[in-house]
file entry37.tsv (TSV, C-alpha atoms)
chain	number	residue	atom	x	y	z
A	1	MET	CA	-38.54	31.87	37.89
A	2	THR	CA	-34.92	31.68	36.88
A	3	ALA	CA	-33.73	33.01	33.55
A	4	GLU	CA	-32.21	30.51	31.18
A	5	PRO	CA	-28.50	31.05	30.56
A	6	VAL	CA	-27.71	32.73	27.28
A	7	THR	CA	-25.54	30.45	25.09
A	8	THR	CA	-23.23	32.09	22.63
A	9	PRO	CA	-22.67	30.33	19.29
A	10	PRO	CA	-19.27	28.64	19.00
A	11	ARG	CA	-16.60	30.82	17.51
A	12	ARG	CA	-15.45	29.78	14.07
A	13	GLU	CA	-11.97	28.32	14.19
A	14	TRP	CA	-11.03	29.33	10.62
A	15	ARG	CA	-11.40	32.91	9.46
A	16	ILE	CA	-10.95	33.95	5.85
A	17	THR	CA	-7.54	35.43	6.61
A	18	GLY	CA	-6.47	32.19	8.23
A	19	ILE	CA	-7.58	30.16	5.21
A	20	VAL	CA	-5.71	32.47	2.84
A	21	PHE	CA	-2.58	32.32	4.99
A	22	PHE	CA	-2.79	28.51	5.18
A	23	VAL	CA	-3.14	28.21	1.38
A	24	VAL	CA	-0.19	30.53	0.77
A	25	LEU	CA	1.94	28.69	3.33
A	26	THR	CA	1.00	25.36	1.76
A	27	LEU	CA	1.96	26.54	-1.73
A	28	ILE	CA	5.31	27.84	-0.47
A	29	VAL	CA	6.09	24.57	1.32
A	30	LEU	CA	5.03	22.50	-1.70
A	31	TYR	CA	7.22	24.60	-3.98
A	32	ALA	CA	10.21	24.25	-1.63
A	33	THR	CA	9.60	20.50	-1.39
A	34	ALA	CA	9.48	20.21	-5.19
A	35	MET	CA	12.77	22.12	-5.49
A	36	ILE	CA	14.39	19.83	-2.89
A	37	ILE	CA	13.37	16.56	-4.53
A	38	ARG	CA	13.78	17.81	-8.10
A	39	PRO	CA	17.34	16.39	-8.51
A	40	PHE	CA	16.07	13.01	-7.34
A	41	ILE	CA	12.75	12.90	-9.17
A	42	SER	CA	13.97	10.34	-11.71
A	43	ALA	CA	15.19	8.00	-8.97
A	44	ILE	CA	11.91	8.41	-7.07
A	45	LEU	CA	9.80	7.74	-10.16
A	46	LEU	CA	11.90	4.71	-11.12
A	47	ALA	CA	11.55	3.38	-7.59
A	48	ALA	CA	7.77	3.91	-7.68
A	49	ILE	CA	7.56	2.06	-10.99
A	50	LEU	CA	9.80	-0.74	-9.74
A	51	VAL	CA	7.82	-1.17	-6.52
A	52	THR	CA	4.50	-1.07	-8.38
A	53	LEU	CA	5.69	-3.88	-10.65
A	54	THR	CA	7.14	-6.06	-7.87
A	55	PHE	CA	4.84	-5.33	-4.92
A	56	PRO	CA	2.95	-8.66	-5.22
A	57	TRP	CA	6.28	-10.46	-4.80
A	58	TYR	CA	7.09	-8.27	-1.80
A	59	ARG	CA	3.82	-9.28	-0.16
A	60	ARG	CA	4.67	-12.95	-0.60
A	61	VAL	CA	8.13	-12.45	0.88
A	62	ARG	CA	6.64	-10.48	3.79
A	63	THR	CA	4.15	-13.27	4.45
A	64	ARG	CA	6.92	-15.86	4.49
A	65	MET	CA	8.89	-13.67	6.90
A	66	LYS	CA	5.90	-13.39	9.30
A	67	GLY	CA	5.06	-9.78	8.53
A	68	ARG	CA	8.52	-8.25	9.03
A	69	SER	CA	8.31	-5.42	6.50
A	70	ASN	CA	11.87	-4.12	6.80
A	71	ALA	CA	13.43	-7.56	6.39
A	72	ALA	CA	11.18	-8.35	3.42
A	73	ALA	CA	12.11	-5.06	1.77
A	74	ILE	CA	15.83	-5.78	2.23
A	75	VAL	CA	15.37	-9.22	0.66
A	76	MET	CA	13.56	-7.68	-2.31
A	77	LEU	CA	16.33	-5.11	-2.81
A	78	ILE	CA	18.97	-7.85	-2.73
A	79	LEU	CA	17.03	-9.89	-5.27
A	80	ILE	CA	16.53	-6.85	-7.53
A	81	THR	CA	20.22	-5.98	-7.31
A	82	LEU	CA	21.25	-9.52	-8.20
A	83	ILE	CA	18.72	-9.75	-11.04
A	84	LEU	CA	19.74	-6.41	-12.53
A	85	ILE	CA	23.44	-6.00	-11.71
A	86	ILE	CA	24.84	-9.46	-12.45
A	87	PRO	CA	23.32	-9.73	-15.96
A	88	ALA	CA	24.22	-6.09	-16.62
A	89	VAL	CA	27.87	-6.72	-15.72
A	90	VAL	CA	28.04	-9.88	-17.82
A	91	VAL	CA	26.37	-8.22	-20.81
A	92	SER	CA	28.60	-5.16	-20.46
A	93	LEU	CA	31.74	-7.32	-20.53
A	94	LEU	CA	30.44	-9.16	-23.58
A	95	LEU	CA	29.56	-5.88	-25.29
A	96	ILE	CA	33.02	-4.47	-24.60
A	97	GLN	CA	34.58	-7.59	-26.07
A	98	GLN	CA	32.33	-7.44	-29.12
A	99	ALA	CA	32.99	-3.72	-29.54
A	100	ASN	CA	36.73	-4.37	-29.51
A	101	ASN	CA	36.26	-7.06	-32.17
A	102	VAL	CA	34.23	-4.66	-34.31
A	103	VAL	CA	36.85	-1.92	-34.01
A	104	GLU	CA	39.66	-4.35	-34.83
A	105	HIS	CA	37.72	-5.60	-37.83
A	106	LEU	CA	37.10	-2.04	-39.07
A	107	GLN	CA	40.78	-1.19	-38.61
A	108	SER	CA	41.94	-4.28	-40.48
A	109	GLY	CA	43.47	-3.97	-43.91
A	110	GLN	CA	40.74	-6.13	-45.46
A	111	THR	CA	38.01	-3.71	-44.40
A	112	GLN	CA	40.02	-0.73	-45.57
A	113	GLN	CA	40.49	-2.35	-48.98
A	114	LEU	CA	36.76	-3.04	-49.12
A	115	LEU	CA	35.93	0.59	-48.37
A	116	LYS	CA	38.35	1.76	-51.06
A	117	ARG	CA	36.63	-0.45	-53.62
A	118	ILE	CA	33.20	1.04	-52.86
A	119	ASP	CA	33.20	3.82	-55.42
A	120	ILE	CA	30.27	5.95	-54.24
A	121	PRO	CA	31.70	9.22	-55.68
A	122	ALA	CA	31.37	7.80	-59.21
A	123	TYR	CA	27.60	7.55	-58.73
A	124	VAL	CA	27.04	11.05	-57.33
A	125	THR	CA	29.07	13.17	-59.77
A	126	TRP	CA	25.80	14.35	-61.36
A	127	ILE	CA	25.16	16.46	-58.24
A	128	LYS	CA	27.92	18.85	-59.40
A	129	ARG	CA	25.67	19.94	-62.27
A	130	PHE	CA	23.26	21.47	-59.75
A	131	VAL	CA	25.67	22.19	-56.86
A	132	PRO	CA	29.06	23.17	-58.37
A	133	GLN	CA	30.75	23.40	-54.95
A	134	PHE	CA	29.87	19.80	-54.12
A	135	ASP	CA	32.87	17.46	-53.83
A	136	PRO	CA	31.96	13.82	-54.66
A	137	GLN	CA	34.98	12.60	-52.69
A	138	SER	CA	33.37	13.96	-49.50
A	139	VAL	CA	30.94	11.01	-49.48
A	140	SER	CA	33.63	8.42	-50.02
A	141	PRO	CA	33.37	5.64	-47.39
A	142	GLU	CA	37.13	5.72	-47.02
A	143	ARG	CA	36.98	9.40	-46.09
A	144	LEU	CA	33.88	9.14	-43.90
A	145	ILE	CA	34.46	5.93	-41.95
A	146	LEU	CA	38.20	5.35	-41.66
A	147	PRO	CA	39.03	8.67	-39.90
A	148	VAL	CA	36.32	7.95	-37.33
A	149	VAL	CA	37.65	4.44	-36.72
A	150	ARG	CA	41.21	5.71	-36.33
A	151	GLN	CA	40.06	8.24	-33.72
A	152	ILE	CA	38.31	5.68	-31.50
A	153	PRO	CA	41.37	4.79	-29.35
A	154	GLY	CA	42.19	8.47	-28.87
A	155	TRP	CA	38.58	9.26	-27.95
A	156	VAL	CA	38.59	6.52	-25.32
A	157	ALA	CA	41.83	7.87	-23.84
A	158	ARG	CA	40.57	11.48	-23.79
A	159	ASN	CA	37.16	10.65	-22.31
A	160	GLY	CA	38.22	7.93	-19.89
A	161	ALA	CA	37.63	10.13	-16.86
A	162	ALA	CA	34.19	11.14	-18.13
A	163	VAL	CA	33.28	7.48	-18.65
A	164	VAL	CA	34.39	6.64	-15.12
A	165	GLY	CA	32.39	9.59	-13.80
A	166	SER	CA	29.31	8.41	-15.67
A	167	VAL	CA	29.69	4.94	-14.17
A	168	ALA	CA	30.01	6.44	-10.68
A	169	ALA	CA	26.93	8.60	-11.26
A	170	ALA	CA	25.00	5.53	-12.44
A	171	VAL	CA	26.02	3.63	-9.29
A	172	ILE	CA	24.91	6.53	-7.06
A	173	GLY	CA	21.65	6.83	-8.98
A	174	PHE	CA	20.98	3.12	-8.57
A	175	ALA	CA	21.66	3.40	-4.83
A	176	LEU	CA	19.10	6.22	-4.61
A	177	VAL	CA	16.57	4.08	-6.46
A	178	LEU	CA	17.14	1.28	-3.94
A	179	LEU	CA	16.69	3.66	-0.98
A	180	ALA	CA	13.45	5.05	-2.42
A	181	SER	CA	12.27	1.52	-3.20
A	182	PHE	CA	12.88	0.45	0.40
A	183	PHE	CA	10.73	3.35	1.61
A	184	PHE	CA	7.94	2.55	-0.85
A	185	TYR	CA	7.98	-1.15	0.05
A	186	VAL	CA	7.66	-0.45	3.76
A	187	GLU	CA	5.41	2.61	3.69
A	188	GLY	CA	3.63	2.17	0.34
A	189	GLU	CA	0.36	0.83	1.71
A	190	ALA	CA	0.27	3.53	4.42
A	191	ILE	CA	0.94	6.20	1.78
A	192	LEU	CA	-1.96	4.96	-0.32
A	193	GLU	CA	-4.30	4.99	2.69
A	194	GLU	CA	-3.17	8.51	3.57
A	195	LEU	CA	-3.80	9.67	0.01
A	196	LYS	CA	-7.31	8.22	0.19
A	197	VAL	CA	-7.94	10.20	3.40
A	198	LEU	CA	-6.59	13.42	1.87
A	199	SER	CA	-8.39	12.96	-1.44
A	200	PRO	CA	-11.72	14.79	-1.73
A	201	LEU	CA	-12.87	12.36	-4.42
A	202	PRO	CA	-15.34	9.55	-3.75
A	203	GLU	CA	-13.63	6.34	-2.69
A	204	ARG	CA	-14.59	4.44	-5.84
A	205	TYR	CA	-12.81	7.06	-7.99
A	206	ASP	CA	-9.71	6.84	-5.80
A	207	GLU	CA	-9.72	3.11	-6.44
A	208	GLU	CA	-10.17	3.71	-10.18
A	209	PHE	CA	-7.17	6.06	-10.32
A	210	ALA	CA	-5.02	3.62	-8.35
A	211	THR	CA	-6.01	0.73	-10.61
A	212	LYS	CA	-5.38	2.78	-13.75
A	213	PHE	CA	-1.98	3.88	-12.44
A	214	LYS	CA	-0.90	0.29	-11.77
A	215	ASP	CA	-2.31	-1.09	-15.03
A	216	VAL	CA	-0.71	1.56	-17.24
A	217	ILE	CA	2.70	1.23	-15.59
A	218	ASP	CA	2.58	-2.53	-15.80
A	219	ALA	CA	1.33	-2.60	-19.40
A	220	THR	CA	3.65	0.09	-20.77
A	221	PHE	CA	6.77	-1.11	-19.01
A	222	ARG	CA	6.30	-4.78	-19.71
A	223	GLY	CA	5.15	-4.24	-23.30
A	224	GLN	CA	7.98	-1.89	-24.24
A	225	VAL	CA	10.75	-3.82	-22.50
A	226	MET	CA	9.63	-7.25	-23.70
A	227	THR	CA	9.23	-5.98	-27.27
A	228	SER	CA	12.67	-4.36	-27.26
A	229	LEU	CA	14.32	-7.46	-25.84
A	230	ALA	CA	12.57	-9.64	-28.41
A	231	GLN	CA	13.62	-7.40	-31.31
A	232	GLY	CA	17.18	-7.20	-30.03
A	233	LEU	CA	17.36	-10.97	-29.61
A	234	ALA	CA	15.91	-11.58	-33.07
A	235	THR	CA	18.31	-9.05	-34.60
A	236	GLY	CA	21.29	-10.61	-32.83
A	237	ILE	CA	20.30	-14.10	-33.98
A	238	GLY	CA	19.89	-12.95	-37.57
A	239	LEU	CA	23.23	-11.13	-37.59
A	240	THR	CA	25.00	-14.11	-36.04
A	241	ILE	CA	23.55	-16.54	-38.59
A	242	ALA	CA	24.54	-14.15	-41.39
A	243	ARG	CA	28.05	-13.97	-39.87
A	244	VAL	CA	28.05	-10.21	-39.41
A	245	PRO	CA	30.99	-9.16	-37.20
A	246	GLY	CA	29.90	-8.30	-33.65
A	247	GLY	CA	26.43	-9.82	-33.96
A	248	LEU	CA	25.85	-9.87	-30.19
A	249	PHE	CA	26.99	-6.28	-29.84
A	250	TRP	CA	24.69	-5.02	-32.61
A	251	GLY	CA	21.82	-7.10	-31.24
A	252	ALA	CA	22.15	-5.28	-27.92
A	253	VAL	CA	22.27	-1.97	-29.78
A	254	ALA	CA	19.08	-2.97	-31.62
A	255	ALA	CA	17.38	-3.74	-28.30
A	256	ILE	CA	18.26	-0.27	-26.98
A	257	LEU	CA	17.20	1.48	-30.18
A	258	SER	CA	13.91	-0.43	-30.14
A	259	LEU	CA	13.00	1.51	-27.01
A	260	LEU	CA	13.01	4.72	-29.05
A	261	PRO	CA	9.95	5.47	-31.19
A	262	MET	CA	10.49	6.14	-34.91
A	263	VAL	CA	13.93	4.45	-34.69
A	264	GLY	CA	13.78	0.75	-33.95
A	265	SER	CA	16.02	-2.17	-34.80
A	266	ALA	CA	15.86	-1.47	-38.54
A	267	VAL	CA	18.64	1.08	-38.00
A	268	VAL	CA	20.88	-1.92	-37.25
A	269	TRP	CA	19.85	-4.73	-39.56
A	270	ILE	CA	19.30	-2.65	-42.73
A	271	PRO	CA	22.89	-1.26	-42.79
A	272	ALA	CA	24.13	-4.77	-41.97
A	273	ALA	CA	22.23	-6.17	-44.95
A	274	ILE	CA	23.65	-3.42	-47.18
A	275	TYR	CA	27.14	-4.29	-45.93
A	276	LEU	CA	26.56	-7.95	-46.83
A	277	TYR	CA	25.32	-7.05	-50.32
A	278	ILE	CA	28.37	-4.85	-50.91
A	279	ASP	CA	30.69	-7.53	-49.57
A	280	ALA	CA	29.04	-10.11	-51.84
A	281	SER	CA	29.34	-7.82	-54.85
A	282	MET	CA	33.08	-7.65	-54.19
A	283	GLY	CA	33.29	-11.44	-54.39
A	284	ASN	CA	34.19	-11.91	-50.73
A	285	ARG	CA	31.11	-14.01	-49.96
A	286	GLY	CA	27.90	-15.25	-51.55
A	287	TYR	CA	24.58	-13.43	-51.65
A	288	GLY	CA	22.89	-16.02	-49.42
A	289	ALA	CA	23.69	-14.26	-46.14
A	290	ALA	CA	22.47	-10.88	-47.45
A	291	ILE	CA	19.22	-12.36	-48.76
A	292	PHE	CA	18.68	-14.28	-45.52
A	293	LEU	CA	19.21	-11.19	-43.34
A	294	THR	CA	16.82	-9.15	-45.51
A	295	ILE	CA	14.07	-11.76	-45.26
A	296	TRP	CA	14.76	-12.26	-41.54
A	297	GLY	CA	14.55	-8.54	-40.87
A	298	LEU	CA	11.31	-8.07	-42.81
A	299	LEU	CA	9.46	-11.17	-41.67
A	300	VAL	CA	10.79	-11.73	-38.13
A	301	VAL	CA	12.39	-8.63	-36.62
A	302	SER	CA	9.89	-6.12	-38.00
A	303	THR	CA	6.82	-8.17	-37.08
A	304	ILE	CA	7.83	-9.73	-33.79
A	305	ASP	CA	6.49	-6.74	-31.85
A	306	ASN	CA	2.99	-7.52	-33.17
A	307	VAL	CA	3.23	-10.85	-31.35
A	308	VAL	CA	5.20	-9.93	-28.22
A	309	ARG	CA	3.53	-6.62	-27.36
A	310	PRO	CA	-0.09	-7.94	-27.23
A	311	TRP	CA	1.16	-10.93	-25.22
A	312	ALA	CA	3.04	-8.72	-22.75
A	313	MET	CA	0.19	-6.19	-22.42
A	314	ARG	CA	-2.67	-8.69	-22.32
A	315	GLY	CA	-5.40	-7.80	-19.87
A	316	LYS	CA	-3.92	-4.36	-19.20
A	317	ALA	CA	-4.99	-0.83	-20.06
A	318	GLN	CA	-3.89	0.26	-23.52
A	319	LEU	CA	-4.06	3.49	-25.47
A	320	PRO	CA	-4.88	3.68	-29.17
A	321	ALA	CA	-1.81	3.56	-31.39
A	322	ILE	CA	-1.64	7.25	-32.42
A	323	PRO	CA	-2.24	8.76	-28.93
A	324	LEU	CA	0.27	6.25	-27.57
A	325	LEU	CA	2.87	7.45	-30.10
A	326	PHE	CA	2.37	11.10	-29.11
A	327	ALA	CA	2.39	10.15	-25.42
A	328	VAL	CA	5.72	8.33	-25.74
A	329	LEU	CA	7.36	11.02	-27.91
A	330	GLY	CA	6.17	13.84	-25.65
A	331	GLY	CA	7.13	11.90	-22.53
A	332	LEU	CA	10.64	11.30	-23.87
A	333	GLN	CA	11.09	14.99	-24.66
A	334	ALA	CA	9.69	16.19	-21.33
A	335	PHE	CA	11.09	13.61	-18.89
A	336	GLY	CA	13.84	11.77	-20.74
A	337	PHE	CA	14.02	7.99	-20.85
A	338	ILE	CA	11.51	7.58	-18.01
A	339	GLY	CA	8.99	9.43	-20.17
A	340	LEU	CA	8.39	6.08	-21.90
A	341	VAL	CA	6.19	5.30	-18.89
A	342	ILE	CA	5.14	8.77	-17.73
A	343	GLY	CA	3.76	9.84	-21.12
A	344	PRO	CA	1.28	6.95	-21.50
A	345	LEU	CA	0.47	7.21	-17.79
A	346	VAL	CA	-0.53	10.89	-18.08
A	347	PHE	CA	-2.65	10.23	-21.17
A	348	SER	CA	-4.39	7.28	-19.51
A	349	LEU	CA	-5.09	9.31	-16.37
A	350	LEU	CA	-6.52	12.05	-18.60
A	351	MET	CA	-8.87	9.52	-20.18
A	352	THR	CA	-9.84	8.37	-16.69
A	353	ILE	CA	-10.61	11.96	-15.64
A	354	ILE	CA	-12.75	12.45	-18.75
A	355	GLY	CA	-14.60	9.20	-18.01
A	356	ILE	CA	-15.26	10.22	-14.39
A	357	TYR	CA	-16.50	13.65	-15.52
A	358	LYS	CA	-18.88	12.10	-18.05
A	359	ARG	CA	-20.28	9.63	-15.53
A	360	SER	CA	-20.52	12.00	-12.57
A	361	PHE	CA	-21.34	15.43	-13.98
A	362	ARG	CA	-22.66	15.05	-17.50
A	363	GLY	CA	-24.76	12.13	-16.32
A	364	GLN	CA	-26.22	14.23	-13.48
A	365	ARG	CA	-27.05	17.06	-15.86
A	366	GLY	CA	-28.71	14.62	-18.21
A	367	GLY	CA	-30.62	13.17	-15.27
A	368	ASP	CA	-31.73	16.65	-14.17
A	369	ARG	CA	-32.99	17.44	-17.67
A	370	ARG	CA	-34.89	14.18	-17.83
A	371	ALA	CA	-36.37	14.87	-14.42
A	372	ALA	CA	-37.51	18.29	-15.53
A	373	VAL	CA	-39.57	16.88	-18.42
A	374	PRO	CA	-43.20	16.43	-17.34
A	375	VAL	CA	-44.51	12.92	-17.58
A	376	GLU	CA	-47.92	12.65	-19.19
A	377	ALA	CA	-50.47	10.61	-17.37
A	378	SER	CA	-51.13	7.29	-18.98
A	379	PRO	CA	-54.64	6.77	-20.28
A	380	PRO	CA	-56.93	4.73	-18.06
call {"tool": "encode", "arguments": {"input": "entry37.tsv", "output": "structure tokens"}}
result
Amino acid sequence: MTAEPVTTPPRREWRITGIVFFVVLTLIVLYATAMIIRPFISAILLAAILVTLTFPWYRRVRTRMKGRSNAAAIVMLILITLILIIPAVVVSLLLIQQANNVVEHLQSGQTQQLLKRIDIPAYVTWIKRFVPQFDPQSVSPERLILPVVRQIPGWVARNGAAVVGSVAAAVIGFALVLLASFFFYVEGEAILEELKVLSPLPERYDEEFATKFKDVIDATFRGQVMTSLAQGLATGIGLTIARVPGGLFWGAVAAILSLLPMVGSAVVWIPAAIYLYIDASMGNRGYGAAIFLTIWGLLVVSTIDNVVRPWAMRGKAQLPAIPLLFAVLGGLQAFGFIGLVIGPLVFSLLMTIIGIYKRSFRGQRGGDRRAAVPVEASPP
């Protein structure tokens, strides 16, 4: 009778020291990776947002090009460049022209005479009773505005190199965004599949996070941009009808300011209306333009976001108004301009995490408690 061979249990591949070493090595590599990509994080995030918004179009182009991913990505980058660069160049040239007109108007003798006739110091002399060192002439429009206007040509000459450097940096940044976008177009679907493999979460929660990510980016970006463009357009139309100098320029400024919370286009049209009232009080024009701009600003510019934003964000994930305000403000402070999207995205992902926890863990605990309660036998 032969003895059966003794089988030894398989040796564990991972020991506790190996796991600790692997975790430490992973943290070091992740930290080094974060430090390497930190200067380019804005370009990478912008590219991710851009690709998320335009990926359905990329799929259509790829289908028309018989599945050639690289060629489809190049076509998308060309289209994006044309859509963004050409209008930006045209608008920039128009803004420069309008800015020159505004400066020339402010430097004209008529405007200087108007500023001299605005006697604000006469209305604030009472402040000297409480603050003896206060000089009423310090708030004179002639003293506040004219020196700034006279220094504009000198400022442009002194900071010309810095302006050119900023333009060059913007061009390089845009090129980095295009490179990152190309990578995300070609490898985006593979990256998502890899993340699903690496994620320890159930597949349905991975899908929920991916859907929330796309919905929040799409809703926040489209809602904010469309609202800002609408307010800028409405402001520019109102200023042009009221014959405010540089109406197109100030409309573009209003569109940019509308992107910033707690600022908005009112910073543009309210001073313009005040200027029209002052000009009318001097007898240079009637009060019709000032009254029109006031009504236009209150009824059209200030309320147009209530129409455009719901239309732009329809069917998408939205945050309540107050959390959205804190998300945007905190995102701007933490991440800069791109925080307009990152802030709401983080808050929405937090709400998703809370929802998953309530459904998966609190629900299980509730189910365990219900299971532990004895069920009385029903009477025969």
call {"tool": "closest_residue", "arguments": {"input": "entry37.tsv", "among": "A:Phe183, A:Ile28, A:Gln224, A:Val167", "to": "A:Asn70", "atoms": "all atoms listed in the file"}}
result
A:Phe183
call {"tool": "atom_distance", "arguments": {"input": "entry37.tsv", "atom1": "atom CA of A:Leu195", "atom2": "atom CA of A:Leu79"}}
result
29.1 Å
call {"tool": "closest_residue", "arguments": {"input": "entry37.tsv", "among": "A:Val244, A:Val216, A:Trp126, A:Gln231", "to": "A:Leu324", "atoms": "only C-alpha atoms"}}
result
A:Val216
call {"tool": "axis_aligned_box", "arguments": {"input": "entry37.tsv", "around": "stretch 168-180 of chain A", "padding_each_side": "4 Å", "output": "AutoDock Vina command-line options"}}
result
--center_x 21.7 --center_y 4.9 --center_z -6.7 --size_x 24.6 --size_y 15.3 --size_z 19.5
call {"tool": "atom_distance", "arguments": {"input": "entry37.tsv", "atom1": "atom CA of A:Gly331", "atom2": "atom CA of A:Gly343"}}
result
4.2 Å
call {"tool": "atom_distance", "arguments": {"input": "entry37.tsv", "atom1": "atom CA of A:Ile74", "atom2": "atom CA of A:Arg62"}}
result
10.4 Å
call {"tool": "residues_around", "arguments": {"input": "entry37.tsv", "residues": "A:Ile338", "least_positions_apart": "6", "cutoff": "10 Å", "atoms": "only C-alpha atoms", "output": "VMD selection string"}}
result
chain A and resid 42 to 43 45 to 46 49 221 328 331 to 332
